[in-house]
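Peer 1: Following this message is one structure expressed as structure tokens.
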Amino acid sequence: MKFAVVVFPGSNGDHDAHYAAKHVLGQEAEYVWHKDTSLGGADAVILPGGFAHGDYLRTGAIARFSPIMQEVKKFGEAGGPVLGICNGFQVLLEAGMLPGAMLRNRSVKFQCEHVIVKVEQTDTPFTLACRPGQLLRIPIAHGEGNYYAEPDVVARLEKNRQVVFRYTNAEGVATDNANPNGSVSNIAGLCSEARNVVGLMPHPERACELALGSADGLVMFESVVRAVGEAVGGHFSRTLLA
Amino acid sequence: MTSDPILLERHGLKPDEYQRIVDALHREPTLTELGIFSVMWSEHCSYKSSRVHLRTLPTTGPRVLQGPGENAGAVDIGDGLAAVFKIESHNHPSFIEPYQGAATGVGGIIRDIFTMGARPIALLNSLRFGPLDDPLVRRTFAGVVAGIGGYGNSIGIPTVGGEVGFDESYSGNPLVNVFCLGIARADDIIKGVASGAGNAVYYVGAKTGRDGIHGATMASAEFDEKSSEKRPAVQVGDPFMEKLLLEACLEVMKTGALIGIQDMGAAGLTCSTSEMGSRGGAGVEIDVSLVPQRETGMTPYEIMLSESQERMLMVVKRGREAEVEQIFEKWDLHAVRVGEVTTDGRLRVKNRGEVVAEIPNRALTDDAPVYRRPMAEPAYIKNAQQLSIASLGKPAASADAFNRLLGSPTIASKRWVYRQYDHMVRTNTLVLPGMGAGVVRVKGTRRALAMSVDCDGRFVYLDPFAGAQLAVAEAARNVACAGAQPIGATNCLNFGNPERPEIMWQFARAVEGMGAACRALEIPITGGNVSLYNETDGRAVLPTPVLGVVGLVENAERVVRRAFQGPGDVIVMLGDTREELGGSEYLKVIHGLIRGVPPALDLGREAALYRVLIAGAAAGLIRSAHDCSDGGFAVTLAECSIDTGFGAEVDLPAVPSSAAGFGDIATLFSESASRAVVSVSVEREAELLALASREGVPARRIGLVGGDRIRVAIDGRRVLDESLAVTQRIWTTAIGRYFEPARAIA
């Protein structure tokens, strides 16, 4: 299969996502420049981490205006798997492809460290190879990862089972101590209602090899390879997961 | 008019220097020319006090591809690749404005690396502050850490290691030294040269503003109570702009359309034009009216001296201009043709066609003043070297000293610091920060690079020659512990005012020591930086010549970490411990003293230790290795246990002491050189001991990994029995507790 890794000016996780897809997984991967207007026939799209446009306004606020985002939206609306990692998640929020917003970490500091997230939903293209409730040890690296949404929005997310990843302790319990940034309901990652667009703050692409301290993130990439492989015509569709 | 004494003083020029300017030009300089001379002849740019000493350092070796004199040094790491690296100080700006001062320091060193055609893949830093009980120090410390993070995190280069130390002498003059390493194809290294008459000179990157004018001159003066008024001389960083510049420059370099490129760092446009011309034996002519400007009404003087960040000067091959412009266009950056290369060896500056400055390049660079400043051994040395252990009174209880040392910010965990740095981006980081040397793999090869920055200023203060040798040894030892062969080094020499003979003596002796150690250990110094005038109100910092050593690991899968790997492993002590408490952390923390002579260093034994560590790692024998230095054996053992949570039980032979009752202290806390604590599986213990014996390195089985306590006996008598959990808490919270409630530190 073929991954498209979108490169915004200021993206810095683009190489890492590309490396994970191409060299660790052995799949095809292409960079797509933010001014491009085609995803080049990719089967899955990754919006990587970084500081798109410097994040001087609000994280992801300018990136959503990049020409390529029209294509990413269309791709997502057609059911294509889209993964937003860290800054990519922030871009998905700003672009309205996922609900909610990011605030500064409650520590008011940038934090880089390994955290534990629980996979709560396995019917998304990025988690279908996970066991329900599987705990993943993957790193975070962000200053604004404190996810916020209005209570009614959070209630709807929970009801629709859109909370895909939650920060937990080693026992899988979503305690306040296990919440690195103050995110509401310990939310680390979400999916769209149609389940094919997924965003998360932790960096699975940084946890694909044991030499780097953890290979727990690999399962997310393996998931989408399987999802695409099982989908007719190379496109992911919800019915196949049901 | 330009010879007015007040005007000269404002430019940091002495009357005799002014006369030299007149002699070089055969006329009085214009104001713009005076400004240009003042920054190029400043200590920061000209190295006028240090140059005669730096010349004595070893800078060549079979792996050296680029020695000092370029934007950065480079060494061959095999597979047709080069490691390009350098360290630089940003001490003065960081004192004036901690966040921006530190951030722009990071920005500057990154530019030095990618101007060589290398992709930066790792950052380290070496920081010094006053004691954290001082609120002003806390503000500086927090600001510097946030600034380093703010820049490195955004641009996406991991900060993989470093060191932070605390001492009163740095209260009014923190040290912020930043190191960057990049990877280039050895054949594609690009230099800062201008050549080929008629080739276009391009200005790329951010616009020029009035910020940072005379930054280089500021960095060449001492501080006094008016220093905070110098804030306009500090620049503001824009990591996003630099990220664009980095990607655009690397893309342009791939086309082969460049002759040369140089960062506009200290002394901005002035330094880049004159240095590039001088290196290429050519002249450079520019028209400042073409320079993109952020503010209106800027004079040629201001444009030439501005230190606005994120700017580069490039010389493009004739006929390739459109190609280059197109790439910068893609990244939405300015690339403006501001002049061309000439044959006359002069820097000619025009403003709308009218010449406002014309100076022979060599007068600004190679022919800048060089001083052999007077030197005198400082009066304090003889007295400070006297240490009578007996006169210390009662020794501290071992457990008490152990806990206090682990809680000393210089020794304690720096997690509060490195948690604010992205240390994993680029997915190369094999050893996380806070575990000795930083280690990154080199993608596309089997190799990895280990790097460490080190210096114990107390040792250098007590004996600059020995102290500088110990700094080299510690940095190289850290790298060797990871299993890496040291292959190159860069230095950052932080000292006080060189116009004082005793400071100049410290400097000269330290450079001699550093050179001797690097020669003996075969580690060439490929470049670096000198930062003088590190004093406030006449009080100098501890002399701090920081050494950054880069080492090569042939097999990245065999990288060794400092933490114990599992219960049952045998703990082996490599090297001998003597009663060497001079300048130690024990003496400082427990007795409040900086006294005595630094530990003795035998460079032959030191090199033998590296051979054991490197061969032991390559053979997969050594399961963990940790340099035994700051805080001595007891602290080293605790650090090996803390990271992975495996306790230890050891029994050491007693070290003879010169004073009754101090035997335990000497055994536990002496900072004798050439030692490491390693672990090995029971099955391979004999193999390791045989390897050590072949190399003539003393090696002794001292105990086993396991349990949840740290238990140390001396000749069978238990002297420490501490809960690992408690030890861990003391060590991990020592810095964070100054800033926030315990919850956030956990």
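We label chains A, B, ... in the order they appear in the structure tokens, count residues from 1 in each chain, and number ligands from 1 in the order shown.
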May I have a table of the residues of chain A lying at most 7 Å from chain B, giving each one's closest pair of atoms and their distance in Å to one decimal, counting only C-alpha atoms, ordered by chain and ascending residue number, as CSV?
Peer 2:
```
residue,atom,partner,partner_atom,distance
A:Pro9,CA,B:Leu244,CA,6.6
A:Gly10,CA,B:Phe240,CA,5.9
A:Asn12,CA,B:Gly156,CA,5.0
A:Gly13,CA,B:Val425,CA,6.8
A:His15,CA,B:Arg426,CA,6.8
A:Asp16,CA,B:Arg426,CA,5.6
A:Gly50,CA,B:Ser154,CA,6.7
A:Phe51,CA,B:Ser154,CA,5.8
A:His53,CA,B:Phe240,CA,6.7
A:Gly54,CA,B:Phe240,CA,4.7
A:Lys109,CA,B:Gln420,CA,6.6
A:Phe110,CA,B:Gln420,CA,4.9
A:Gln111,CA,B:Gln420,CA,5.0
A:Cys112,CA,B:Arg419,CA,5.0
A:Glu113,CA,B:Arg419,CA,6.4
A:Ala141,CA,B:Asp422,CA,6.0
A:Arg206,CA,B:Thr427,CA,5.7
A:Ala211,CA,B:Leu430,CA,6.2
A:Leu212,CA,B:Leu430,CA,5.4
```
Peer 1: Set the distance at 12 Å and use only C-alpha atoms: which residues neighbour Leu250 in chain B once local chain neighbours fewer than 4 positions away are removed? I'd like the list as a compact mmCIF listing (two decimals) with C-alpha atoms, in the first residue's frame.
Peer 2:
```txt
# COMPACT_ATOMS: atom_id res chain seq x y z
CA ARG B 111 23.01 27.13 11.25
CA ILE B 113 26.05 22.77 11.01
CA PHE B 114 23.69 22.97 8.06
CA THR B 115 25.78 25.59 6.29
CA MET B 116 28.33 22.77 5.95
CA GLY B 117 25.79 20.75 4.00
CA ALA B 118 24.94 18.51 6.96
CA ARG B 119 21.51 17.63 8.27
CA PRO B 120 21.53 18.38 12.01
CA GLY B 182 24.85 16.77 11.77
CA ILE B 183 25.47 14.18 9.09
CA ALA B 184 26.71 15.01 5.59
CA ARG B 185 28.03 13.03 2.67
CA ASP B 188 29.33 17.13 -0.32
CA ILE B 189 30.68 19.27 2.51
CA ILE B 190 30.25 22.92 1.61
CA GLU B 242 15.12 28.64 10.53
CA LYS B 243 13.33 25.38 9.81
CA LEU B 244 12.40 26.75 6.37
CA LEU B 245 15.93 28.01 5.87
CA LEU B 246 17.35 24.62 6.87
CA LYS B 254 21.90 19.13 -3.44
CA THR B 255 21.75 20.95 -6.79
CA GLY B 256 25.47 21.75 -6.72
CA ALA B 257 24.73 25.36 -7.65
CA LEU B 258 26.49 26.81 -4.60
CA ILE B 261 27.52 29.66 2.13
CA VAL B 324 18.35 28.58 -6.55
CA ILE B 327 13.83 26.59 -4.35
CA PHE B 328 13.69 29.52 -1.95
CA TRP B 331 9.81 27.67 0.87
```
Peer 1: From a DSSP pass on the backbone, collect the residues of range 501-635 of chain B flagged as alpha helix (DSSP H) and hand them back as a PyMOL selection string.
Peer 2: chain B and resi 501-521+585-591+603-618+632-635
Peer 1: Please write the residues from the selection above to a file, keeping N, CA and C atoms, as a CSV table (one decimal), in the first residue's frame.
Peer 2:
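Result file is selection_34.csv:
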```csv
chain,number,residue,atom,x,y,z
B,501,PRO,N,45.9,39.3,34.1
B,501,PRO,CA,46.9,38.3,33.9
B,501,PRO,C,46.6,37.0,34.5
B,502,GLU,N,45.9,37.0,35.6
B,502,GLU,CA,45.6,35.7,36.3
B,502,GLU,C,44.5,34.9,35.5
B,503,ILE,N,43.6,35.6,34.8
B,503,ILE,CA,42.6,34.9,34.0
B,503,ILE,C,43.3,34.3,32.8
B,504,MET,N,44.2,35.1,32.2
B,504,MET,CA,44.9,34.7,31.0
B,504,MET,C,45.8,33.5,31.3
B,505,TRP,N,46.3,33.5,32.5
B,505,TRP,CA,47.1,32.3,33.0
B,505,TRP,C,46.3,31.1,33.1
B,506,GLN,N,45.1,31.2,33.7
B,506,GLN,CA,44.1,30.1,33.7
B,506,GLN,C,43.8,29.6,32.3
B,507,PHE,N,43.6,30.5,31.4
B,507,PHE,CA,43.2,30.1,30.1
B,507,PHE,C,44.4,29.4,29.4
B,508,ALA,N,45.6,29.9,29.5
B,508,ALA,CA,46.7,29.3,28.8
B,508,ALA,C,47.0,28.0,29.3
B,509,ARG,N,47.0,27.8,30.7
B,509,ARG,CA,47.3,26.5,31.3
B,509,ARG,C,46.2,25.5,30.9
B,510,ALA,N,44.9,25.9,30.9
B,510,ALA,CA,43.8,25.0,30.5
B,510,ALA,C,44.0,24.5,29.1
B,511,VAL,N,44.3,25.5,28.2
B,511,VAL,CA,44.5,25.1,26.8
B,511,VAL,C,45.7,24.1,26.6
B,512,GLU,N,46.7,24.3,27.4
B,512,GLU,CA,47.9,23.4,27.4
B,512,GLU,C,47.4,22.0,27.8
B,513,GLY,N,46.7,22.0,28.9
B,513,GLY,CA,46.2,20.7,29.5
B,513,GLY,C,45.3,20.0,28.5
B,514,MET,N,44.4,20.7,27.9
B,514,MET,CA,43.5,20.2,27.0
B,514,MET,C,44.2,19.6,25.8
B,515,GLY,N,45.2,20.4,25.3
B,515,GLY,CA,46.0,19.9,24.1
B,515,GLY,C,46.8,18.6,24.5
B,516,ALA,N,47.4,18.6,25.6
B,516,ALA,CA,48.2,17.4,26.0
B,516,ALA,C,47.3,16.2,26.1
B,517,ALA,N,46.1,16.4,26.7
B,517,ALA,CA,45.2,15.2,26.9
B,517,ALA,C,44.7,14.7,25.5
B,518,CYS,N,44.3,15.7,24.7
B,518,CYS,CA,43.8,15.3,23.4
B,518,CYS,C,44.9,14.6,22.5
B,519,ARG,N,46.1,15.1,22.6
B,519,ARG,CA,47.2,14.4,21.9
B,519,ARG,C,47.4,13.0,22.4
B,520,ALA,N,47.4,12.8,23.7
B,520,ALA,CA,47.7,11.5,24.3
B,520,ALA,C,46.6,10.6,24.0
B,521,LEU,N,45.3,11.0,24.0
B,521,LEU,CA,44.2,10.2,23.7
B,521,LEU,C,43.8,10.1,22.3
B,585,GLU,N,32.7,16.9,44.7
B,585,GLU,CA,31.3,17.3,45.1
B,585,GLU,C,31.1,17.1,46.6
B,586,TYR,N,31.7,16.0,47.2
B,586,TYR,CA,31.6,15.8,48.6
B,586,TYR,C,32.1,17.0,49.4
B,587,LEU,N,33.3,17.5,49.0
B,587,LEU,CA,33.9,18.6,49.8
B,587,LEU,C,33.0,19.8,49.6
B,588,LYS,N,32.4,20.0,48.5
B,588,LYS,CA,31.6,21.2,48.2
B,588,LYS,C,30.3,21.1,49.0
B,589,VAL,N,29.6,20.0,48.8
B,589,VAL,CA,28.3,19.9,49.4
B,589,VAL,C,28.3,19.7,50.9
B,590,ILE,N,29.2,18.9,51.4
B,590,ILE,CA,29.2,18.6,52.8
B,590,ILE,C,30.0,19.7,53.6
B,591,HIS,N,31.2,20.1,53.1
B,591,HIS,CA,32.0,21.0,53.8
B,591,HIS,C,32.1,22.4,53.3
B,603,LEU,N,47.2,9.4,31.6
B,603,LEU,CA,46.5,9.3,30.3
B,603,LEU,C,46.7,8.0,29.7
B,604,GLY,N,47.8,7.3,30.0
B,604,GLY,CA,48.0,5.9,29.5
B,604,GLY,C,46.9,5.0,30.1
B,605,ARG,N,46.7,5.1,31.4
B,605,ARG,CA,45.7,4.2,32.0
B,605,ARG,C,44.3,4.6,31.5
B,606,GLU,N,44.1,5.9,31.3
B,606,GLU,CA,42.8,6.3,30.8
B,606,GLU,C,42.5,5.7,29.5
B,607,ALA,N,43.5,5.7,28.6
B,607,ALA,CA,43.3,5.2,27.2
B,607,ALA,C,43.1,3.7,27.3
B,608,ALA,N,43.8,3.0,28.3
B,608,ALA,CA,43.6,1.6,28.4
B,608,ALA,C,42.2,1.2,28.9
B,609,LEU,N,41.6,2.1,29.8
B,609,LEU,CA,40.3,1.9,30.2
B,609,LEU,C,39.3,2.0,29.0
B,610,TYR,N,39.5,3.0,28.1
B,610,TYR,CA,38.7,3.1,26.9
B,610,TYR,C,38.7,1.8,26.1
B,611,ARG,N,39.9,1.2,26.0
B,611,ARG,CA,40.0,0.0,25.2
B,611,ARG,C,39.2,-1.1,25.8
B,612,VAL,N,39.2,-1.2,27.1
B,612,VAL,CA,38.4,-2.3,27.7
B,612,VAL,C,36.9,-2.0,27.5
B,613,LEU,N,36.5,-0.8,27.7
B,613,LEU,CA,35.1,-0.5,27.6
B,613,LEU,C,34.6,-0.7,26.1
B,614,ILE,N,35.4,-0.3,25.2
B,614,ILE,CA,35.0,-0.4,23.8
B,614,ILE,C,35.0,-1.8,23.3
B,615,ALA,N,36.1,-2.5,23.6
B,615,ALA,CA,36.2,-3.9,23.2
B,615,ALA,C,35.1,-4.8,23.9
B,616,GLY,N,34.9,-4.4,25.2
B,616,GLY,CA,33.9,-5.2,26.0
B,616,GLY,C,32.5,-4.9,25.4
B,617,ALA,N,32.2,-3.7,24.9
B,617,ALA,CA,30.9,-3.5,24.4
B,617,ALA,C,30.8,-4.2,23.0
B,618,ALA,N,31.8,-4.1,22.2
B,618,ALA,CA,31.8,-4.6,20.9
B,618,ALA,C,31.6,-6.2,20.9
B,632,GLY,N,31.6,10.5,43.1
B,632,GLY,CA,32.3,9.3,43.5
B,632,GLY,C,31.6,8.0,43.3
B,633,PHE,N,32.1,6.9,43.8
B,633,PHE,CA,31.6,5.6,43.6
B,633,PHE,C,30.1,5.4,44.0
B,634,ALA,N,29.8,5.9,45.2
B,634,ALA,CA,28.5,5.7,45.8
B,634,ALA,C,27.4,6.3,44.9
B,635,VAL,N,27.6,7.5,44.4
B,635,VAL,CA,26.7,8.2,43.5
B,635,VAL,C,26.6,7.4,42.2
```
Peer 1: Range 98-200 of chain A: which residues are strand (DSSP E or B) by DSSP, as a count of residues only?
Peer 2: 37
Peer 1: Looking at only C-alpha atoms, which of A:Asn87, A:Ser66, A:Ser38, A:Thr59 is the one that sits closest to His203 in chain A?
Peer 2: A:Asn87
